[in-house]
$ cat data-v2.cif   # mmCIF, C-alpha atoms and all ligand atoms
data_work
#
loop_
_atom_site.label_atom_id
_atom_site.label_comp_id
_atom_site.auth_asym_id
_atom_site.auth_seq_id
_atom_site.Cartn_x
_atom_site.Cartn_y
_atom_site.Cartn_z
CA MET A 28 15.38 -39.44 13.61
CA ALA A 29 18.93 -38.91 12.29
CA SER A 30 19.31 -35.79 10.19
CA GLU A 31 21.32 -34.14 7.46
CA PRO A 32 23.63 -31.32 8.55
CA THR A 33 21.87 -28.03 9.24
CA GLY A 34 22.54 -24.95 7.15
CA PRO A 35 20.82 -22.23 5.17
CA ARG A 36 18.86 -23.41 2.17
CA ALA A 37 17.28 -21.74 -0.83
CA ILE A 38 13.54 -22.01 -0.21
CA ALA A 39 10.53 -21.03 -2.32
CA LEU A 40 7.50 -20.12 -0.21
CA LEU A 41 4.19 -20.29 -2.09
CA GLY A 42 1.39 -18.68 -0.08
CA THR A 43 1.95 -15.83 2.36
CA GLY A 44 -1.40 -15.77 4.13
CA LEU A 45 -1.79 -15.81 7.92
CA LEU A 46 0.25 -18.96 8.48
CA GLY A 47 2.54 -18.78 5.44
CA ALA A 48 3.73 -15.26 6.29
CA ALA A 49 4.63 -16.33 9.84
CA ILE A 50 6.44 -19.42 8.57
CA GLY A 51 8.33 -17.21 6.10
CA GLN A 52 9.46 -14.90 8.92
CA ARG A 53 10.70 -17.88 10.89
CA LEU A 54 12.62 -19.28 7.90
CA LEU A 55 14.32 -15.91 7.31
CA GLN A 56 15.14 -15.66 11.00
CA ARG A 57 16.84 -19.07 10.74
CA GLY A 58 19.04 -17.76 7.93
CA HIS A 59 17.38 -19.40 4.92
CA ARG A 60 17.23 -17.62 1.56
CA LEU A 61 13.60 -17.12 0.62
CA SER A 62 11.88 -16.44 -2.69
CA VAL A 63 8.19 -15.79 -2.12
CA TRP A 64 5.15 -15.89 -4.33
CA ASN A 65 1.60 -14.96 -3.40
CA ARG A 66 -1.48 -14.43 -5.57
CA THR A 67 -1.83 -11.02 -3.92
CA PRO A 68 1.80 -9.80 -3.96
CA GLU A 69 1.09 -6.94 -1.53
CA ARG A 70 0.75 -9.56 1.21
CA CYS A 71 4.48 -10.37 0.77
CA ALA A 72 5.57 -6.88 1.87
CA PRO A 73 6.62 -7.74 5.46
CA LEU A 74 8.68 -10.68 4.18
CA LEU A 75 10.37 -8.55 1.51
CA ALA A 76 11.22 -6.02 4.21
CA ALA A 77 12.81 -8.86 6.19
CA GLY A 78 15.00 -9.94 3.26
CA ALA A 79 12.91 -12.24 1.04
CA GLU A 80 12.85 -11.88 -2.74
CA LEU A 81 9.57 -11.48 -4.60
CA ALA A 82 8.91 -13.93 -7.44
CA ALA A 83 6.49 -12.94 -10.18
CA THR A 84 5.25 -16.51 -10.70
CA PRO A 85 5.30 -19.83 -8.80
CA ALA A 86 7.70 -21.24 -11.43
CA THR A 87 10.16 -18.36 -10.89
CA ALA A 88 10.09 -18.91 -7.13
CA ILE A 89 10.62 -22.66 -7.54
CA ALA A 90 13.44 -22.21 -10.07
CA ALA A 91 15.38 -20.15 -7.51
CA ALA A 92 15.07 -22.81 -4.79
CA GLU A 93 15.96 -26.37 -3.78
CA VAL A 94 13.03 -26.72 -1.36
CA VAL A 95 9.45 -25.55 -2.02
CA VAL A 96 7.18 -24.84 0.96
CA THR A 97 3.46 -24.52 0.23
CA VAL A 98 0.97 -22.89 2.63
CA LEU A 99 -2.03 -22.27 0.38
CA SER A 100 -5.71 -22.49 1.33
CA ASP A 101 -6.64 -25.99 0.24
CA GLY A 102 -5.85 -29.01 -1.93
CA PRO A 103 -7.21 -27.86 -5.30
CA ILE A 104 -5.48 -24.46 -4.99
CA THR A 105 -2.21 -26.12 -3.96
CA ALA A 106 -2.41 -28.47 -6.96
CA ALA A 107 -3.19 -25.59 -9.33
CA VAL A 108 -0.32 -23.42 -8.07
CA LEU A 109 2.27 -26.21 -7.82
CA LEU A 110 1.43 -28.30 -10.87
CA ASP A 111 -0.35 -26.00 -13.35
CA GLN A 112 1.68 -22.86 -12.64
CA GLY A 113 4.94 -24.23 -11.24
CA GLY A 114 5.10 -27.78 -12.62
CA SER A 115 7.89 -27.46 -15.16
CA ALA A 116 10.28 -26.13 -12.51
CA LEU A 117 9.70 -28.92 -9.95
CA ALA A 118 12.30 -31.44 -11.23
CA GLY A 119 14.91 -32.10 -8.55
CA ARG A 120 13.07 -30.01 -5.94
CA SER A 121 11.68 -31.18 -2.59
CA VAL A 122 8.17 -30.00 -1.81
CA VAL A 123 7.11 -29.55 1.84
CA GLN A 124 3.32 -29.18 1.79
CA ILE A 125 2.03 -27.58 5.02
CA ALA A 126 -1.60 -26.57 4.28
CA THR A 127 -4.33 -28.82 5.66
CA ILE A 128 -5.68 -30.83 2.73
CA ALA A 129 -7.33 -34.24 2.27
CA PRO A 130 -5.07 -37.28 2.65
CA ASP A 131 -6.15 -38.38 -0.87
CA GLU A 132 -5.28 -34.95 -2.29
CA SER A 133 -1.89 -35.21 -0.64
CA ARG A 134 -1.27 -38.65 -2.15
CA GLN A 135 -2.28 -37.31 -5.60
CA LEU A 136 0.17 -34.42 -5.24
CA ASP A 137 2.91 -36.91 -4.30
CA VAL A 138 2.29 -38.98 -7.43
CA ALA A 139 2.14 -35.92 -9.71
CA ILE A 140 5.29 -34.33 -8.27
CA ARG A 141 7.26 -37.56 -8.48
CA SER A 142 6.21 -37.91 -12.14
CA LEU A 143 7.75 -34.45 -12.70
CA GLY A 144 11.04 -35.56 -11.09
CA GLY A 145 10.48 -33.89 -7.71
CA HIS A 146 10.11 -35.19 -4.16
CA TYR A 147 7.12 -34.62 -1.87
CA ILE A 148 6.42 -34.74 1.83
CA GLU A 149 3.38 -33.48 3.72
CA ALA A 150 4.00 -31.49 6.89
CA PRO A 151 0.73 -30.23 8.40
CA VAL A 152 1.00 -28.34 11.66
CA LEU A 153 -0.90 -27.73 14.86
CA GLY A 154 -0.48 -24.21 16.20
CA SER A 155 -0.90 -20.85 14.59
CA ARG A 156 0.97 -17.61 13.89
CA PRO A 157 2.54 -17.17 17.35
CA GLU A 158 3.86 -20.74 17.34
CA ALA A 159 5.09 -20.39 13.74
CA LEU A 160 6.97 -17.18 14.54
CA ALA A 161 8.57 -18.84 17.57
CA GLY A 162 9.42 -22.06 15.71
CA ASN A 163 7.42 -24.26 18.03
CA LEU A 164 4.62 -25.52 15.82
CA GLN A 165 3.64 -29.16 16.32
CA LEU A 166 4.59 -30.60 12.95
CA MET A 167 3.53 -34.01 11.63
CA ALA A 168 5.50 -35.34 8.67
CA GLY A 169 4.27 -37.91 6.16
CA GLY A 170 6.46 -39.30 3.42
CA PRO A 171 9.30 -41.70 2.69
CA ALA A 172 11.72 -41.87 5.64
CA ALA A 173 14.67 -40.84 3.47
CA SER A 174 12.88 -37.74 2.14
CA VAL A 175 11.74 -36.68 5.60
CA GLU A 176 15.25 -37.23 6.94
CA ARG A 177 16.79 -35.00 4.25
CA LEU A 178 14.43 -32.21 5.30
CA TRP A 179 14.65 -32.81 9.06
CA PRO A 180 16.79 -29.75 9.97
CA LEU A 181 14.36 -27.53 8.08
CA LEU A 182 11.39 -29.13 9.83
CA GLN A 183 13.16 -28.57 13.15
CA ASP A 184 13.45 -24.87 12.33
CA LEU A 185 9.64 -24.74 12.21
CA ALA A 186 8.87 -27.12 15.05
CA GLY A 187 11.45 -27.96 17.70
CA THR A 188 10.37 -31.60 17.77
CA PRO A 189 8.72 -32.67 14.51
CA VAL A 190 7.40 -36.22 14.31
CA ARG A 191 7.23 -38.54 11.28
CA LEU A 192 3.94 -40.47 11.36
CA GLY A 193 4.35 -42.63 8.25
CA GLU A 194 3.89 -42.41 4.50
CA VAL A 195 2.12 -39.60 2.62
CA GLY A 196 -1.49 -39.36 3.83
CA SER A 197 -0.78 -40.43 7.41
CA ALA A 198 0.12 -36.98 8.71
CA MET A 199 -2.86 -35.36 6.96
CA ALA A 200 -5.19 -37.91 8.56
CA ALA A 201 -3.70 -37.09 11.98
CA LYS A 202 -4.04 -33.36 11.34
CA LEU A 203 -7.72 -33.76 10.39
CA ALA A 204 -8.24 -35.87 13.52
CA LEU A 205 -6.81 -33.05 15.64
CA ASN A 206 -8.84 -30.34 13.88
CA GLN A 207 -12.02 -32.36 14.33
CA LEU A 208 -11.28 -32.01 18.05
CA ILE A 209 -10.85 -28.22 17.70
CA ALA A 210 -14.28 -28.00 16.08
CA SER A 211 -16.01 -30.44 18.41
CA LEU A 212 -14.51 -29.09 21.64
CA THR A 213 -15.24 -25.48 20.67
CA HIS A 214 -18.80 -26.42 19.77
CA ALA A 215 -19.42 -28.45 22.93
CA PHE A 216 -18.04 -25.74 25.22
CA SER A 217 -19.91 -22.99 23.42
CA LEU A 218 -23.30 -24.68 23.83
CA SER A 219 -22.67 -25.33 27.53
CA LEU A 220 -21.54 -21.75 28.08
CA HIS A 221 -24.69 -20.39 26.45
CA LEU A 222 -26.90 -22.63 28.57
CA VAL A 223 -25.34 -21.70 31.92
CA GLN A 224 -25.55 -18.01 31.00
CA HIS A 225 -29.16 -18.44 29.93
CA ALA A 226 -29.87 -20.03 33.32
CA GLY A 227 -28.27 -17.11 35.15
CA VAL A 228 -25.34 -19.16 36.50
CA GLU A 229 -22.20 -17.13 37.12
CA VAL A 230 -19.68 -18.00 34.43
CA GLU A 231 -16.71 -18.01 36.81
CA ALA A 232 -18.46 -20.45 39.16
CA PHE A 233 -19.19 -22.75 36.22
CA MET A 234 -15.61 -22.47 34.99
CA ALA A 235 -14.23 -23.35 38.44
CA LEU A 236 -16.27 -26.57 38.41
CA LEU A 237 -15.19 -27.36 34.87
CA ARG A 238 -11.49 -26.64 35.54
CA GLY A 239 -11.57 -29.03 38.49
CA SER A 240 -13.06 -31.83 36.42
CA ALA A 241 -11.74 -34.36 33.91
CA LEU A 242 -13.89 -32.62 31.27
CA TYR A 243 -11.67 -29.54 31.14
CA ALA A 244 -9.62 -28.67 28.06
CA PRO A 245 -7.25 -25.64 28.02
CA THR A 246 -8.81 -24.43 24.78
CA PHE A 247 -11.94 -23.51 26.77
CA ASP A 248 -10.11 -20.81 28.73
CA LYS A 249 -8.09 -19.79 25.66
CA LYS A 250 -11.30 -18.71 23.89
CA LEU A 251 -13.51 -17.76 26.88
CA GLU A 252 -12.75 -14.04 26.90
CA ARG A 253 -13.41 -13.67 23.17
CA GLU A 254 -16.64 -15.64 23.45
CA LEU A 255 -17.95 -13.62 26.39
CA ALA A 256 -17.10 -10.37 24.59
CA GLY A 257 -18.30 -11.59 21.18
CA ASP A 258 -14.94 -10.42 19.84
CA TYR A 259 -13.81 -12.58 16.94
CA ALA A 260 -11.64 -10.03 15.11
CA ASN A 261 -7.93 -10.48 14.22
CA PRO A 262 -8.07 -14.24 13.68
CA ASN A 263 -5.06 -16.52 13.63
CA PHE A 264 -7.23 -19.31 12.25
CA PRO A 265 -10.44 -18.25 10.50
CA THR A 266 -13.85 -19.95 10.69
CA ALA A 267 -13.82 -20.78 6.96
CA HIS A 268 -10.71 -22.95 7.45
CA LEU A 269 -12.25 -24.75 10.43
CA ARG A 270 -15.29 -25.60 8.25
CA LYS A 271 -12.98 -26.76 5.44
CA ASP A 272 -11.14 -29.04 7.83
CA LEU A 273 -14.31 -30.45 9.36
CA LEU A 274 -15.65 -31.26 5.88
CA LEU A 275 -12.33 -32.92 5.00
CA PHE A 276 -12.51 -34.94 8.23
CA LEU A 277 -16.09 -36.01 7.44
CA ALA A 278 -15.09 -37.17 3.95
CA ALA A 279 -12.10 -39.11 5.26
CA ALA A 280 -14.14 -40.63 8.11
CA ARG A 281 -16.93 -41.67 5.72
CA GLY A 282 -14.27 -43.25 3.51
CA ALA A 283 -13.09 -45.21 6.55
CA GLY A 284 -16.66 -46.43 7.16
CA LEU A 285 -17.11 -44.49 10.41
CA ALA A 286 -20.53 -43.35 11.68
CA VAL A 287 -20.37 -39.57 11.32
CA GLU A 288 -24.00 -38.55 11.92
CA GLY A 289 -23.08 -36.87 15.20
CA LEU A 290 -20.73 -34.53 13.39
CA GLU A 291 -22.93 -33.70 10.42
CA GLY A 292 -25.01 -31.26 12.47
CA LEU A 293 -21.88 -29.32 13.38
CA ALA A 294 -20.90 -29.13 9.72
CA ALA A 295 -24.38 -27.82 8.88
CA LEU A 296 -24.06 -25.22 11.65
CA LEU A 297 -20.68 -24.08 10.29
CA GLU A 298 -22.24 -23.63 6.82
CA ARG A 299 -24.23 -20.78 8.39
CA ALA A 300 -21.00 -18.87 9.03
CA THR A 301 -20.91 -17.64 5.42
CA PRO A 302 -24.28 -15.84 5.35
CA ALA A 303 -23.63 -14.63 8.91
CA GLY A 304 -20.41 -12.94 7.73
CA LEU A 305 -18.21 -14.99 10.10
CA ASP A 306 -15.96 -16.79 7.58
CA GLY A 307 -13.02 -14.42 7.98
CA LEU A 308 -13.27 -14.14 11.76
CA ASP A 309 -11.65 -16.30 14.45
CA TYR A 310 -13.05 -19.83 14.50
CA CYS A 311 -14.52 -19.36 17.98
CA ALA A 312 -17.12 -17.21 16.17
CA LEU A 313 -18.82 -20.60 16.15
CA HIS A 314 -20.09 -19.31 19.51
CA ALA A 315 -22.21 -16.75 17.65
CA LEU A 316 -23.80 -19.57 15.64
CA THR A 317 -24.63 -21.77 18.65
CA ALA A 318 -26.48 -18.77 20.12
CA GLY A 319 -29.23 -19.55 17.62
CA ARG A 320 -31.77 -16.86 16.83
CA PRO A 321 -31.10 -13.60 18.72
CA ALA A 322 -34.40 -13.92 20.62
CA ALA A 323 -33.47 -17.41 21.86
CA ALA A 324 -29.97 -16.29 22.89
CA ALA A 325 -31.04 -13.40 25.12
CA PRO A 326 -31.76 -14.28 28.76
CA ALA A 327 -35.44 -13.80 29.60
N1 LIG A 401 -3.83 -20.05 10.23
C1 LIG A 401 -3.53 -21.10 11.01
O1 LIG A 401 -3.38 -20.96 12.23
C2 LIG A 401 -3.33 -22.46 10.42
C3 LIG A 401 -2.85 -23.48 11.26
C4 LIG A 401 -2.66 -24.76 10.73
C5 LIG A 401 -2.96 -25.01 9.41
N2 LIG A 401 -3.44 -24.00 8.62
C6 LIG A 401 -3.73 -24.30 7.22
O2 LIG A 401 -2.78 -23.61 6.40
C7 LIG A 401 -3.41 -23.21 5.18
C8 LIG A 401 -3.29 -21.70 5.03
O3 LIG A 401 -3.96 -21.10 6.11
P1 LIG A 401 -3.91 -19.52 6.38
O4 LIG A 401 -4.54 -19.33 7.71
O5 LIG A 401 -2.57 -18.99 6.12
O6 LIG A 401 -4.93 -19.03 5.26
P2 LIG A 401 -5.07 -17.60 4.56
O7 LIG A 401 -4.55 -16.51 5.43
O8 LIG A 401 -6.49 -17.54 4.09
O9 LIG A 401 -4.09 -17.73 3.29
C9 LIG A 401 -4.44 -18.53 2.21
C10 LIG A 401 -3.36 -18.49 1.17
O10 LIG A 401 -3.83 -19.17 -0.01
C11 LIG A 401 -3.82 -18.23 -1.11
N3 LIG A 401 -4.91 -18.47 -2.04
C12 LIG A 401 -6.24 -18.53 -1.75
N4 LIG A 401 -6.95 -18.75 -2.87
C13 LIG A 401 -6.05 -18.81 -3.89
C14 LIG A 401 -6.18 -19.01 -5.29
N5 LIG A 401 -7.37 -19.22 -5.87
N6 LIG A 401 -5.05 -19.02 -6.03
C15 LIG A 401 -3.83 -18.82 -5.46
N7 LIG A 401 -3.65 -18.62 -4.13
C16 LIG A 401 -4.76 -18.61 -3.35
C17 LIG A 401 -3.93 -16.88 -0.48
O11 LIG A 401 -3.51 -15.89 -1.38
P3 LIG A 401 -4.09 -14.39 -1.27
O12 LIG A 401 -3.26 -13.72 -0.20
O13 LIG A 401 -3.91 -13.82 -2.61
O14 LIG A 401 -5.54 -14.51 -0.86
C18 LIG A 401 -2.99 -17.07 0.72
O15 LIG A 401 -1.65 -17.06 0.32
C19 LIG A 401 -4.85 -23.72 5.26
O16 LIG A 401 -4.92 -24.99 4.68
C20 LIG A 401 -5.09 -23.84 6.75
O17 LIG A 401 -6.10 -24.77 7.06
C21 LIG A 401 -3.62 -22.73 9.10
#
$ encode --input "data-v2.cif" --output "C-alpha cells" --more "lines below"
Ligand SMILES: NC(=O)c1ccc[n+]([C@@H]2O[C@H](COP(=O)([O-])OP(=O)(O)OC[C@H]3O[C@@H](n4cnc5c(N)ncnc54)[C@H](OP(=O)(O)O)[C@@H]3O)[C@@H](O)[C@H]2O)c1
Amino acid sequence: MASEPTGPRAIALLGTGLLGAAIGQRLLQRGHRLSVWNRTPERCAPLLAAGAELAATPATAIAAAEVVVTVLSDGPITAAVLLDQGGSALAGRSVVQIATIAPDESRQLDVAIRSLGGHYIEAPVLGSRPEALAGNLQLMAGGPAASVERLWPLLQDLAGTPVRLGEVGSAMAAKLALNQLIASLTHAFSLSLHLVQHAGVEVEAFMALLRGSALYAPTFDKKLERELAGDYANPNFPTAHLRKDLLLFLAAARGAGLAVEGLEGLAALLERATPAGLDGLDYCALHALTAGRPAAAAPA
C-alpha cells in the first residue's frame, strides 16, 4: 500500500497495560511525541522516564495529539474512555484502536467517532510485549483505504509489514479467528500432554513424534517448559484475555450461523480460571485446568 511520508507525530496513548506500555516504548523509540493516560497513572512511570508526558484525563491526552492509540482491556471500556471521557476532544483526530474487541463493537466505535468529527481504524495485533518492543507485531488493519493509508507509516513502526484486510470489522474478525486458534491449540496440546504423562510416556519421546508430524505447531514447544513446570507467572498475555477473546469469537461465530458446540466446552473450562486464581497468569495456565481434579491429574 502506498503511504504518506514518515515522520514524528503527536500521539495520545490511552491504556498502558502489558501491551500498551510496550507499544508506547516502541512509539517513543521511533521518535513520536507521546501523551499517555492510564486509569492507574503509576503504570505510566516507565514511559514517562522514556520521555512521554502524563495526561490527567483522556481528553487532555487527545487534545495534545493528532493520532489516538487505544490499548484498553475490552470494547465497553474502550468506548467509555474514548467517547464518555474523551469524546469532545476527538474532532479531527485519527483513532487507531488496537485492543481485541468484537467486530460489532468496533463498527459502533467507528460510527460514534465519525459523528464526533474524528476518523477511526481498527488495528488488532498478533504478538505480545517482545514483538511490540521490537516493532514486529503482526498487525491487521480494518477501515477505509484512505484512512489506513494516512496512518501507514505509523502502523509500520509497530509492525514491519502491516496488512489491510478490509473495512472496519474485518480485522477484528480475523484477530478473533487467530485467537480462537491460540485457545484451541493450547487446549488440545495440554490434554494430550496430560494423557501421555499419565500413561508414563516420556515427554521428549512424545514431542519427537509430534514434531515430526503434520500435527505440530510451534506454540506447543513455546509453552512446553512452562506447562511441565506449572509456571504461569509473568504473563505477556493473561488467561482472562484469552477467555474474553474466546467468548467474543463464540458470539461472532454464532452470529455467522456457525456450529460452535465443540468450542463451548472450552469456554466453560476457561470460566473456571477465575475461581482457580488463574485469570492474571499466562494463558497456558489453561494446562492447570485441563488437569481436572488433583486426584485425577496425579499418575497412579
Ligand atoms: N498482552 C498481549 O500480548 C496482547 C496481544 C494482543 C492483543 N491484546 C489485547 O490488547 C488489550 C490490552 O491487553 P493487555 O495485555 O495490555 O491488558 P492489561 O495489561 O490488562 O491492560 C489493560 C488496560 O486497560 C485498562 N483498564 C482496565 N479496566 C479499565 C477501566 N474500567 N477503565 C479504564 N481503563 C481500564 C488498564 O488500566 P489499569 O492499568 O488501570 O488497570 C490497562 O491500561 C486487550 O484487548 C488484549 O486482548 C493483548
$ residues_near_ligand --input "data-v2.cif" --ligand "ligand LIG 401 (chain A)" --cutoff "8 Å" --atoms "all atoms listed in the file" --output "VMD selection string"
chain A and resid 41 to 48 65 to 68 70 98 to 102 104 to 105 107 to 108 125 to 128 151 to 156 262 to 265 268 to 269 271 to 272
$ write_last_selection --input "data-v2.cif" --atoms "C-alpha atoms" --output "tab-separated table (two decimals), keeping the file's coordinate frame"
chain	number	residue	atom	x	y	z
A	41	LEU	CA	4.19	-20.29	-2.09
A	42	GLY	CA	1.39	-18.68	-0.08
A	43	THR	CA	1.95	-15.83	2.36
A	44	GLY	CA	-1.40	-15.77	4.13
A	45	LEU	CA	-1.79	-15.81	7.92
A	46	LEU	CA	0.25	-18.96	8.48
A	47	GLY	CA	2.54	-18.78	5.44
A	48	ALA	CA	3.73	-15.26	6.29
A	65	ASN	CA	1.60	-14.96	-3.40
A	66	ARG	CA	-1.48	-14.43	-5.57
A	67	THR	CA	-1.83	-11.02	-3.92
A	68	PRO	CA	1.80	-9.80	-3.96
A	70	ARG	CA	0.75	-9.56	1.21
A	98	VAL	CA	0.97	-22.89	2.63
A	99	LEU	CA	-2.03	-22.27	0.38
A	100	SER	CA	-5.71	-22.49	1.33
A	101	ASP	CA	-6.64	-25.99	0.24
A	102	GLY	CA	-5.85	-29.01	-1.93
A	104	ILE	CA	-5.48	-24.46	-4.99
A	105	THR	CA	-2.21	-26.12	-3.96
A	107	ALA	CA	-3.19	-25.59	-9.33
A	108	VAL	CA	-0.32	-23.42	-8.07
A	125	ILE	CA	2.03	-27.58	5.02
A	126	ALA	CA	-1.60	-26.57	4.28
A	127	THR	CA	-4.33	-28.82	5.66
A	128	ILE	CA	-5.68	-30.83	2.73
A	151	PRO	CA	0.73	-30.23	8.40
A	152	VAL	CA	1.00	-28.34	11.66
A	153	LEU	CA	-0.90	-27.73	14.86
A	154	GLY	CA	-0.48	-24.21	16.20
A	155	SER	CA	-0.90	-20.85	14.59
A	156	ARG	CA	0.97	-17.61	13.89
A	262	PRO	CA	-8.07	-14.24	13.68
A	263	ASN	CA	-5.06	-16.52	13.63
A	264	PHE	CA	-7.23	-19.31	12.25
A	265	PRO	CA	-10.44	-18.25	10.50
A	268	HIS	CA	-10.71	-22.95	7.45
A	269	LEU	CA	-12.25	-24.75	10.43
A	271	LYS	CA	-12.98	-26.76	5.44
A	272	ASP	CA	-11.14	-29.04	7.83
$ residues_around --input "data-v2.cif" --residues "range 273-277 of chain A" --least-positions-apart "2" --cutoff "6 Å" --atoms "only C-alpha atoms" --output "list of chain:residue names"
A:Ala129, A:Leu203, A:Gln207, A:Arg270, A:Lys271, A:Ala279, A:Ala280, A:Arg281
$ residues_around --input "data-v2.cif" --residues "Thr188 in chain A" --least-positions-apart "5" --cutoff "8 Å" --atoms "all atoms listed in the file" --output "ChimeraX atom specification"
/A:163,165-166,183
$ atom_distance --input "data-v2.cif" --atom1 "CA of Pro157 in chain A" --atom2 "CA of Asn261 in chain A"
12.8 Å
$ closest_residue --input "data-v2.cif" --among "A:Leu316, A:Val228, A:Val190, A:Ala168" --to "Thr213 in chain A" --atoms "all atoms listed in the file"
A:Leu316
$ closest_residue --input "data-v2.cif" --among "A:Ala278, A:Ala186, A:Ala198, A:Leu55" --to "Ser133 in chain A" --atoms "all atoms listed in the file"
A:Ala198
$ axis_aligned_box --input "data-v2.cif" --around "range 93-112 of chain A" --padding-each-side "8 Å" --output "AutoDock Vina command-line options"
--center_x 4.4 --center_y -25.6 --center_z -5.4 --size_x 39.2 --size_y 22.7 --size_z 32.0
$ closest_residue --input "data-v2.cif" --among "A:Glu149, A:Trp179, A:Glu132, A:Asp184" --to "Gln56 in chain A" --atoms "all atoms listed in the file"
A:Asp184
$ residues_around --input "data-v2.cif" --residues "Gln112 in chain A" --least-positions-apart "5" --cutoff "8 Å" --atoms "all atoms listed in the file" --output "PyMOL selection string"
chain A and resi 84-86+107
$ residues_around --input "data-v2.cif" --residues "Leu143 in chain A" --least-positions-apart "3" --cutoff "8 Å" --atoms "only C-alpha atoms" --output "ChimeraX atom specification"
/A:114-115,117-118,139-140
$ residues_around --input "data-v2.cif" --residues "range 34-40 of chain A" --least-positions-apart "4" --cutoff "10 Å" --atoms "all atoms listed in the file" --output "MDAnalysis selection string"
chainID A and resid 47:48 50:51 54:55 57:65 79:82 85:99 120:123 180:181
$ build_atoms --input "data-v2.cif" --residues "range 45-58 of chain A" --atoms "N, CA and C atoms" --output "short mmCIF file (atom, residue, chain, number, x, y, z; two decimals), in the coordinates of the input"
data_model
loop_
_atom_site.label_atom_id
_atom_site.label_comp_id
_atom_site.auth_asym_id
_atom_site.auth_seq_id
_atom_site.Cartn_x
_atom_site.Cartn_y
_atom_site.Cartn_z
N LEU A 45 -2.02 -15.92 6.47
CA LEU A 45 -1.79 -15.81 7.92
C LEU A 45 -0.67 -16.74 8.38
N LEU A 46 -0.76 -18.00 8.01
CA LEU A 46 0.25 -18.96 8.48
C LEU A 46 1.52 -18.88 7.64
N GLY A 47 1.36 -18.79 6.32
CA GLY A 47 2.54 -18.78 5.44
C GLY A 47 3.46 -17.61 5.75
N ALA A 48 2.90 -16.44 6.00
CA ALA A 48 3.73 -15.26 6.29
C ALA A 48 4.53 -15.48 7.56
N ALA A 49 3.92 -16.08 8.57
CA ALA A 49 4.63 -16.33 9.84
C ALA A 49 5.72 -17.37 9.64
N ILE A 50 5.43 -18.39 8.86
CA ILE A 50 6.44 -19.42 8.57
C ILE A 50 7.61 -18.79 7.80
N GLY A 51 7.28 -17.90 6.86
CA GLY A 51 8.33 -17.21 6.10
C GLY A 51 9.24 -16.39 7.02
N GLN A 52 8.64 -15.69 7.97
CA GLN A 52 9.46 -14.90 8.92
C GLN A 52 10.39 -15.82 9.70
N ARG A 53 9.89 -16.94 10.12
CA ARG A 53 10.70 -17.88 10.89
C ARG A 53 11.86 -18.43 10.03
N LEU A 54 11.57 -18.74 8.77
CA LEU A 54 12.62 -19.28 7.90
C LEU A 54 13.72 -18.23 7.67
N LEU A 55 13.32 -16.98 7.48
CA LEU A 55 14.32 -15.91 7.31
C LEU A 55 15.15 -15.75 8.58
N GLN A 56 14.45 -15.81 9.71
CA GLN A 56 15.14 -15.66 11.00
C GLN A 56 16.18 -16.77 11.19
N ARG A 57 15.91 -17.94 10.63
CA ARG A 57 16.84 -19.07 10.74
C ARG A 57 17.92 -19.03 9.67
N GLY A 58 17.93 -17.96 8.87
CA GLY A 58 19.04 -17.76 7.93
C GLY A 58 18.82 -18.33 6.55
#
